[in-house]
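Next comes final.cif, a file with mmCIF, C-alpha atoms.
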data_work
#
loop_
_atom_site.label_atom_id
_atom_site.label_comp_id
_atom_site.auth_asym_id
_atom_site.auth_seq_id
_atom_site.Cartn_x
_atom_site.Cartn_y
_atom_site.Cartn_z
CA MET A 1 -161.86 -4.56 76.19
CA ASP A 2 -164.63 -3.35 73.94
CA LEU A 3 -166.23 0.01 74.66
CA GLU A 4 -169.75 -1.36 74.53
CA GLU A 5 -168.90 -4.16 77.01
CA PHE A 6 -167.27 -1.64 79.38
CA LEU A 7 -170.32 0.62 79.29
CA SER A 8 -172.72 -2.25 79.86
CA GLU A 9 -170.72 -3.57 82.86
CA ASN A 10 -170.68 -0.14 84.51
CA GLY A 11 -174.35 0.60 83.78
CA ILE A 12 -173.56 3.56 81.54
CA PRO A 13 -175.99 4.01 78.63
CA PRO A 14 -174.47 4.41 75.17
CA SER A 15 -174.07 7.86 73.69
CA PRO A 16 -176.93 9.45 71.73
CA SER A 17 -174.79 9.55 68.59
CA GLN A 18 -174.50 5.78 68.60
CA GLN A 19 -178.26 5.44 69.02
CA ASP A 20 -178.82 7.60 65.96
CA HIS A 21 -176.66 5.29 63.79
CA SER A 22 -178.97 2.35 64.33
CA PRO A 23 -181.50 2.05 61.45
CA HIS A 24 -184.46 1.24 63.75
CA PRO A 25 -185.17 1.84 67.43
CA ALA A 26 -184.60 -0.99 69.84
CA GLY A 27 -187.46 -3.44 69.99
CA LEU A 28 -189.07 -2.28 66.73
CA GLN A 29 -188.98 -4.35 63.51
CA PRO A 30 -189.55 -2.78 60.06
CA ALA A 31 -193.00 -3.66 58.69
CA PRO A 32 -192.74 -6.14 55.80
CA ALA A 33 -193.79 -4.86 52.39
CA ALA A 34 -197.25 -6.03 51.36
CA ALA A 35 -197.18 -8.64 48.57
CA PRO A 36 -198.85 -7.42 45.37
CA SER A 37 -202.19 -9.01 44.58
CA VAL A 38 -202.99 -11.01 41.46
CA MET A 39 -205.02 -8.12 40.06
CA ASP A 40 -202.07 -5.75 40.49
CA LEU A 41 -199.76 -8.14 38.66
CA SER A 42 -202.18 -8.57 35.75
CA SER A 43 -202.70 -4.83 35.42
CA ARG A 44 -198.96 -4.19 35.54
CA ALA A 45 -198.32 -6.83 32.89
CA SER A 46 -200.86 -5.31 30.51
CA ALA A 47 -199.70 -1.72 31.06
CA PRO A 48 -196.78 -0.52 28.93
CA ILE A 49 -193.47 0.11 30.64
CA HIS A 50 -192.94 3.40 28.79
CA PRO A 51 -195.80 5.61 27.71
CA GLY A 52 -194.44 6.00 24.18
CA ILE A 53 -194.25 2.22 23.51
CA PRO A 54 -197.51 0.38 22.75
CA SER A 55 -198.48 -2.61 24.81
CA PRO A 56 -197.82 -6.18 23.51
CA ASN A 57 -201.56 -6.74 23.05
CA CYS A 58 -201.71 -3.91 20.55
CA MET A 59 -198.71 -5.28 18.63
CA GLN A 60 -200.29 -8.74 18.20
CA ASN A 61 -203.16 -7.50 16.02
CA PRO A 62 -201.97 -4.45 14.09
CA ILE A 63 -204.64 -2.51 12.22
CA ARG A 64 -203.88 -2.06 8.57
CA PRO A 65 -205.48 0.56 6.35
CA GLY A 66 -206.72 -2.09 3.96
CA GLN A 67 -208.64 -3.80 6.76
CA LEU A 68 -210.63 -0.71 7.73
CA LEU A 69 -213.63 -1.70 5.64
CA PRO A 70 -217.24 -1.70 6.77
CA ALA A 71 -218.66 -5.13 7.38
CA ASN A 72 -221.83 -4.42 5.41
CA ARG A 73 -220.35 -2.70 2.35
CA ASN A 74 -222.27 -3.19 -0.87
CA THR A 75 -220.21 -4.59 -3.75
CA PRO A 76 -221.61 -3.37 -7.07
CA SER A 77 -222.99 -6.13 -9.22
CA PRO A 78 -221.67 -6.59 -12.77
CA ILE A 79 -223.48 -4.63 -15.44
CA ASP A 80 -225.02 -6.38 -18.41
CA PRO A 81 -223.82 -4.58 -21.56
CA ASP A 82 -227.16 -5.22 -23.26
CA THR A 83 -228.98 -3.19 -20.59
CA ILE A 84 -226.90 -0.03 -21.14
CA GLN A 85 -228.87 2.69 -22.86
CA VAL A 86 -226.80 5.15 -24.87
CA PRO A 87 -228.52 8.48 -25.56
CA VAL A 88 -228.60 8.68 -29.34
CA GLY A 89 -230.46 11.35 -31.26
CA TYR A 90 -231.77 9.01 -33.94
CA GLU A 91 -235.32 9.10 -35.27
CA PRO A 92 -235.78 6.97 -38.37
CA ASP A 93 -238.33 7.84 -41.02
CA PRO A 94 -241.71 6.17 -40.29
CA ALA A 95 -241.94 5.16 -43.95
CA ASP A 96 -238.61 3.34 -43.69
CA LEU A 97 -239.79 1.61 -40.53
CA ALA A 98 -242.95 0.51 -42.31
CA LEU A 99 -240.88 -0.99 -45.15
CA SER A 100 -238.72 -2.77 -42.55
CA SER A 101 -241.60 -4.25 -40.54
CA ILE A 102 -243.68 -7.34 -41.21
CA PRO A 103 -247.32 -6.38 -41.82
CA GLY A 104 -249.53 -7.22 -38.87
CA GLN A 105 -246.62 -7.54 -36.45
CA GLU A 106 -244.70 -5.24 -34.12
CA MET A 107 -242.90 -2.27 -35.62
CA PHE A 108 -239.23 -2.85 -36.32
CA ASP A 109 -236.97 -1.38 -33.62
CA PRO A 110 -233.35 -0.82 -34.76
CA ARG A 111 -232.23 -0.43 -31.12
CA LYS A 112 -233.20 -4.00 -30.19
CA ARG A 113 -232.96 -6.02 -33.39
CA LYS A 114 -229.68 -7.90 -33.71
CA PHE A 115 -228.46 -9.94 -36.64
CA SER A 116 -226.35 -13.06 -36.48
CA GLU A 117 -223.13 -13.52 -38.40
CA GLU A 118 -224.88 -15.83 -40.83
CA GLU A 119 -227.48 -13.16 -41.61
CA LEU A 120 -224.79 -10.54 -42.24
CA LYS A 121 -222.71 -12.66 -44.60
CA PRO A 122 -222.63 -11.46 -48.20
CA GLN A 123 -224.96 -13.45 -50.41
CA PRO A 124 -223.61 -14.86 -53.65
CA MET A 125 -225.07 -13.76 -56.95
CA ILE A 126 -227.50 -16.36 -58.22
CA LYS A 127 -227.76 -16.67 -61.95
CA LYS A 128 -231.17 -17.18 -63.35
CA ALA A 129 -231.85 -20.50 -64.95
CA ARG A 130 -232.16 -20.60 -68.68
CA LYS A 131 -235.71 -20.40 -69.86
CA VAL A 132 -237.03 -23.48 -71.52
CA PHE A 133 -239.37 -22.87 -74.39
CA ILE A 134 -242.61 -24.78 -74.01
CA PRO A 135 -245.06 -24.94 -76.84
CA ASP A 136 -248.53 -23.61 -76.25
CA ASP A 137 -250.14 -26.97 -76.76
CA LEU A 138 -248.21 -28.32 -73.71
CA LYS A 139 -249.31 -25.51 -71.38
CA ASP A 140 -252.14 -27.31 -69.65
CA ASP A 141 -253.79 -26.60 -66.28
CA LYS A 142 -251.08 -28.44 -64.38
CA TYR A 143 -248.44 -26.26 -66.04
CA TRP A 144 -250.19 -23.04 -65.12
CA ALA A 145 -250.75 -24.18 -61.52
CA ARG A 146 -247.07 -24.98 -61.18
CA ARG A 147 -246.20 -21.63 -62.75
CA ARG A 148 -248.38 -19.69 -60.30
CA LYS A 149 -246.89 -21.60 -57.37
CA ASN A 150 -243.34 -20.80 -58.47
CA ASN A 151 -244.18 -17.14 -59.00
CA MET A 152 -245.64 -16.84 -55.48
CA ALA A 153 -242.60 -18.51 -53.94
CA ALA A 154 -240.25 -16.20 -55.85
CA LYS A 155 -242.25 -13.17 -54.72
CA ARG A 156 -242.13 -14.27 -51.06
CA SER A 157 -238.38 -14.79 -51.34
CA ARG A 158 -237.87 -11.35 -52.88
CA ASP A 159 -240.05 -9.69 -50.25
CA ALA A 160 -238.20 -11.45 -47.39
CA ARG A 161 -234.83 -10.49 -48.83
CA ARG A 162 -235.91 -6.88 -49.35
CA LEU A 163 -237.31 -6.74 -45.80
CA LYS A 164 -234.06 -7.99 -44.32
CA GLU A 165 -232.04 -5.55 -46.41
CA ASN A 166 -234.19 -2.66 -45.19
CA GLN A 167 -233.82 -3.79 -41.58
CA ILE A 168 -230.04 -4.09 -41.91
CA ALA A 169 -229.85 -0.64 -43.50
CA ILE A 170 -231.83 1.01 -40.66
CA ARG A 171 -229.90 -0.96 -38.04
CA ALA A 172 -226.59 0.12 -39.59
CA SER A 173 -227.73 3.75 -39.60
CA PHE A 174 -228.62 3.52 -35.92
CA LEU A 175 -225.30 1.85 -35.07
CA GLU A 176 -223.44 4.65 -36.86
CA LYS A 177 -225.16 7.22 -34.63
CA GLU A 178 -224.58 5.12 -31.53
CA ASN A 179 -220.92 4.62 -32.42
CA SER A 180 -220.41 8.38 -32.73
CA ALA A 181 -222.07 8.93 -29.33
CA LEU A 182 -219.93 6.22 -27.73
CA ARG A 183 -216.74 7.66 -29.20
CA GLN A 184 -217.60 11.05 -27.75
CA GLU A 185 -218.34 9.46 -24.38
CA VAL A 186 -215.02 7.58 -24.45
CA ALA A 187 -213.19 10.81 -25.24
CA ASP A 188 -214.84 12.56 -22.28
CA LEU A 189 -214.05 9.66 -19.95
CA ARG A 190 -210.40 9.60 -21.06
CA LYS A 191 -210.15 13.31 -20.40
CA GLU A 192 -211.62 12.87 -16.92
CA LEU A 193 -209.35 9.88 -16.28
CA GLY A 194 -206.31 11.98 -17.21
CA LYS A 195 -207.32 14.62 -14.66
CA CYS A 196 -207.74 11.95 -11.96
CA LYS A 197 -204.31 10.50 -12.77
CA ASN A 198 -202.71 13.94 -12.49
CA ILE A 199 -204.35 14.53 -9.10
CA LEU A 200 -203.23 11.10 -7.88
CA ALA A 201 -199.66 11.68 -9.10
CA LYS A 202 -199.47 15.00 -7.23
CA TYR A 203 -200.84 13.38 -4.08
CA GLU A 204 -198.34 10.49 -4.22
CA ALA A 205 -195.46 12.89 -4.89
CA ARG A 206 -196.34 14.84 -1.74
CA HIS A 207 -197.53 12.11 0.63
CA GLY A 208 -196.07 8.91 -0.83
CA PRO A 209 -197.76 6.04 -2.72
CA LEU A 210 -201.12 4.82 -1.54
#
This entry written out as structure tokens:
Amino acid sequence: MDLEEFLSENGIPPSPSQQDHSPHPAGLQPAPAAAPSVMDLSSRASAPIHPGIPSPNCMQNPIRPGQLLPANRNTPSPIDPDTIQVPVGYEPDPADLALSSIPGQEMFDPRKRKFSEEELKPQPMIKKARKVFIPDDLKDDKYWARRRKNNMAAKRSRDARRLKENQIAIRASFLEKENSALRQEVADLRKELGKCKNILAKYEARHGPL
């Protein structure tokens, strides 16, 4: 016969030690755990499990250093080489400028005047035509008119050629000065570039490549 059945038949209550072993008092049910709400589940899903590990949302769109650029950054526009002004200490002689300028027009400027390849080609030597002896009795008015016309054309050709030669000479002198200034500027820029490369090499050796 079981001990509990014997005690119940004789009206004897069970011992206090047996009552303590029961997880809950008689007639009382443990309260069910409240179900988590939808908001709790969403917040738990977005929160990282461990504080040292980033959340999945952060891993989907990683931020790269190359992408940290301002939206309204100004990209420099290309520079026209013809607009660059090189400081050159060149002051041509006013008399030479006068010989290189067309009378009644703007003064010749060696900084702006440019010559084409055709203009800078060497000109061949032109031999003079053999003179034809003409008797005095054949030198009529028509002959002298033609002679004056030819002389004026030859003078205009000589003046134009001399003008262009003077302009090329002054332009070449200016370009020599400008070339010296540009060479000095290139030397200074190369020196500065070498310093920047040394600084960059030291930085990469200490902190790794950029």
Let me have the centre and edge lengths in Å, one decimal, of the box along x, y and z around every listed atom of region 107-114 of chain A with 4 Å of margin on each side, as AutoDock Vina command-line options.
--center_x -236.3 --center_y -4.2 --center_z -33.3 --size_x 21.2 --size_y 15.5 --size_z 14.1
Q. On this structure, which residues satisfy the PyMOL selection byres ((chain A and resi 108) around 10), written as a list of chain:residue names?
A.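 So the PyMOL selection byres ((chain A and resi 108) around 10), applied here, picks out A:Asp96, A:Leu97, A:Ala98, A:Leu99, A:Ser100, A:Ser101, A:Ile102, A:Gln105, A:Glu106, A:Met107, A:Asp109, A:Pro110, A:Arg111, A:Lys112, A:Arg113, A:Gln167, A:Ile170, A:Arg171.
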Q: Between CA of Lys131 (chain A) and CA of Trp144 (chain A), measure the distance and give it in Å to one decimal.
A: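 Between CA of Lys131 (chain A) and CA of Trp144 (chain A) the gap works out to 15.5 Å.
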Q.
As an exercise, work out the distance from CA of Pro87 (chain A) to CA of Leu182 (chain A) in Å and give it to one decimal place.
A.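 These two atoms are separated by 9.1 Å.
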Q.
Using Å and a single decimal, report how far CA of Tyr90 (chain A) sits from CA of Ser180 (chain A).
A. 11.4 Å
**Q.** Proximity to Glu185 (chain A) - best of A:Glu5, A:Val86, A:Ile79, A:Tyr203, only C-alpha atoms
**A.** A:Val86
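Closest approach to Lys177 (chain A) among A:Glu165, A:Asp136, A:Glu91, A:Asp141 is made by A:Glu91 (distances from only C-alpha atoms).
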(Q) From the options A:Leu193, A:Lys128, A:Pro76, A:Arg206, which residue's atoms come nearest to Ala154 (chain A), counting only C-alpha atoms? (A)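 Among the listed residues, A:Lys128 lies closest to Ala154 (chain A).
Nearest-residue note for Glu176 (chain A): choosing from A:Pro103, A:Gly89, A:Pro124, A:Gly208, the minimum distance belongs to A:Gly89, counting only C-alpha atoms.
Shortest separation to Phe174 (chain A) among A:Arg156, A:Ser8, A:Cys196, A:Lys114 occurs at residue A:Lys114, atoms counted being only C-alpha atoms.
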Output file: region 154-183 of chain A, C-alpha atoms, as a PDB file, in the first residue's frame:
ATOM      1  CA  ALA A 154      59.096  94.873-105.941  1.00  0.00           C
ATOM      2  CA  LYS A 155      59.308  97.502-103.199  1.00  0.00           C
ATOM      3  CA  ARG A 156      56.072  96.277-101.572  1.00  0.00           C
ATOM      4  CA  SER A 157      57.366  92.715-101.672  1.00  0.00           C
ATOM      5  CA  ARG A 158      60.682  93.721-100.093  1.00  0.00           C
ATOM      6  CA  ASP A 159      58.938  95.749 -97.393  1.00  0.00           C
ATOM      7  CA  ALA A 160      56.547  92.874 -96.560  1.00  0.00           C
ATOM      8  CA  ARG A 161      59.403  90.393 -96.392  1.00  0.00           C
ATOM      9  CA  ARG A 162      61.477  92.707 -94.205  1.00  0.00           C
ATOM     10  CA  LEU A 163      58.480  93.325 -91.927  1.00  0.00           C
ATOM     11  CA  LYS A 164      57.900  89.615 -91.456  1.00  0.00           C
ATOM     12  CA  GLU A 165      61.585  89.000 -90.798  1.00  0.00           C
ATOM     13  CA  ASN A 166      61.593  91.707 -88.123  1.00  0.00           C
ATOM     14  CA  GLN A 167      58.474  90.253 -86.509  1.00  0.00           C
ATOM     15  CA  ILE A 168      59.939  86.745 -86.483  1.00  0.00           C
ATOM     16  CA  ALA A 169      63.172  88.056 -84.964  1.00  0.00           C
ATOM     17  CA  ILE A 170      61.355  89.851 -82.111  1.00  0.00           C
ATOM     18  CA  ARG A 171      59.033  86.889 -81.591  1.00  0.00           C
ATOM     19  CA  ALA A 172      62.014  84.520 -81.407  1.00  0.00           C
ATOM     20  CA  SER A 173      63.723  86.798 -78.876  1.00  0.00           C
ATOM     21  CA  PHE A 174      60.605  86.791 -76.715  1.00  0.00           C
ATOM     22  CA  LEU A 175      60.258  82.999 -76.973  1.00  0.00           C
ATOM     23  CA  GLU A 176      63.878  82.594 -75.860  1.00  0.00           C
ATOM     24  CA  LYS A 177      63.125  84.596 -72.703  1.00  0.00           C
ATOM     25  CA  GLU A 178      59.881  82.720 -72.121  1.00  0.00           C
ATOM     26  CA  ASN A 179      61.598  79.367 -72.629  1.00  0.00           C
ATOM     27  CA  SER A 180      64.206  80.231 -69.994  1.00  0.00           C
ATOM     28  CA  ALA A 181      61.461  81.253 -67.534  1.00  0.00           C
ATOM     29  CA  LEU A 182      59.523  78.049 -68.209  1.00  0.00           C
ATOM     30  CA  ARG A 183      62.611  75.902 -67.728  1.00  0.00           C
TER      31      ARG A 183
END
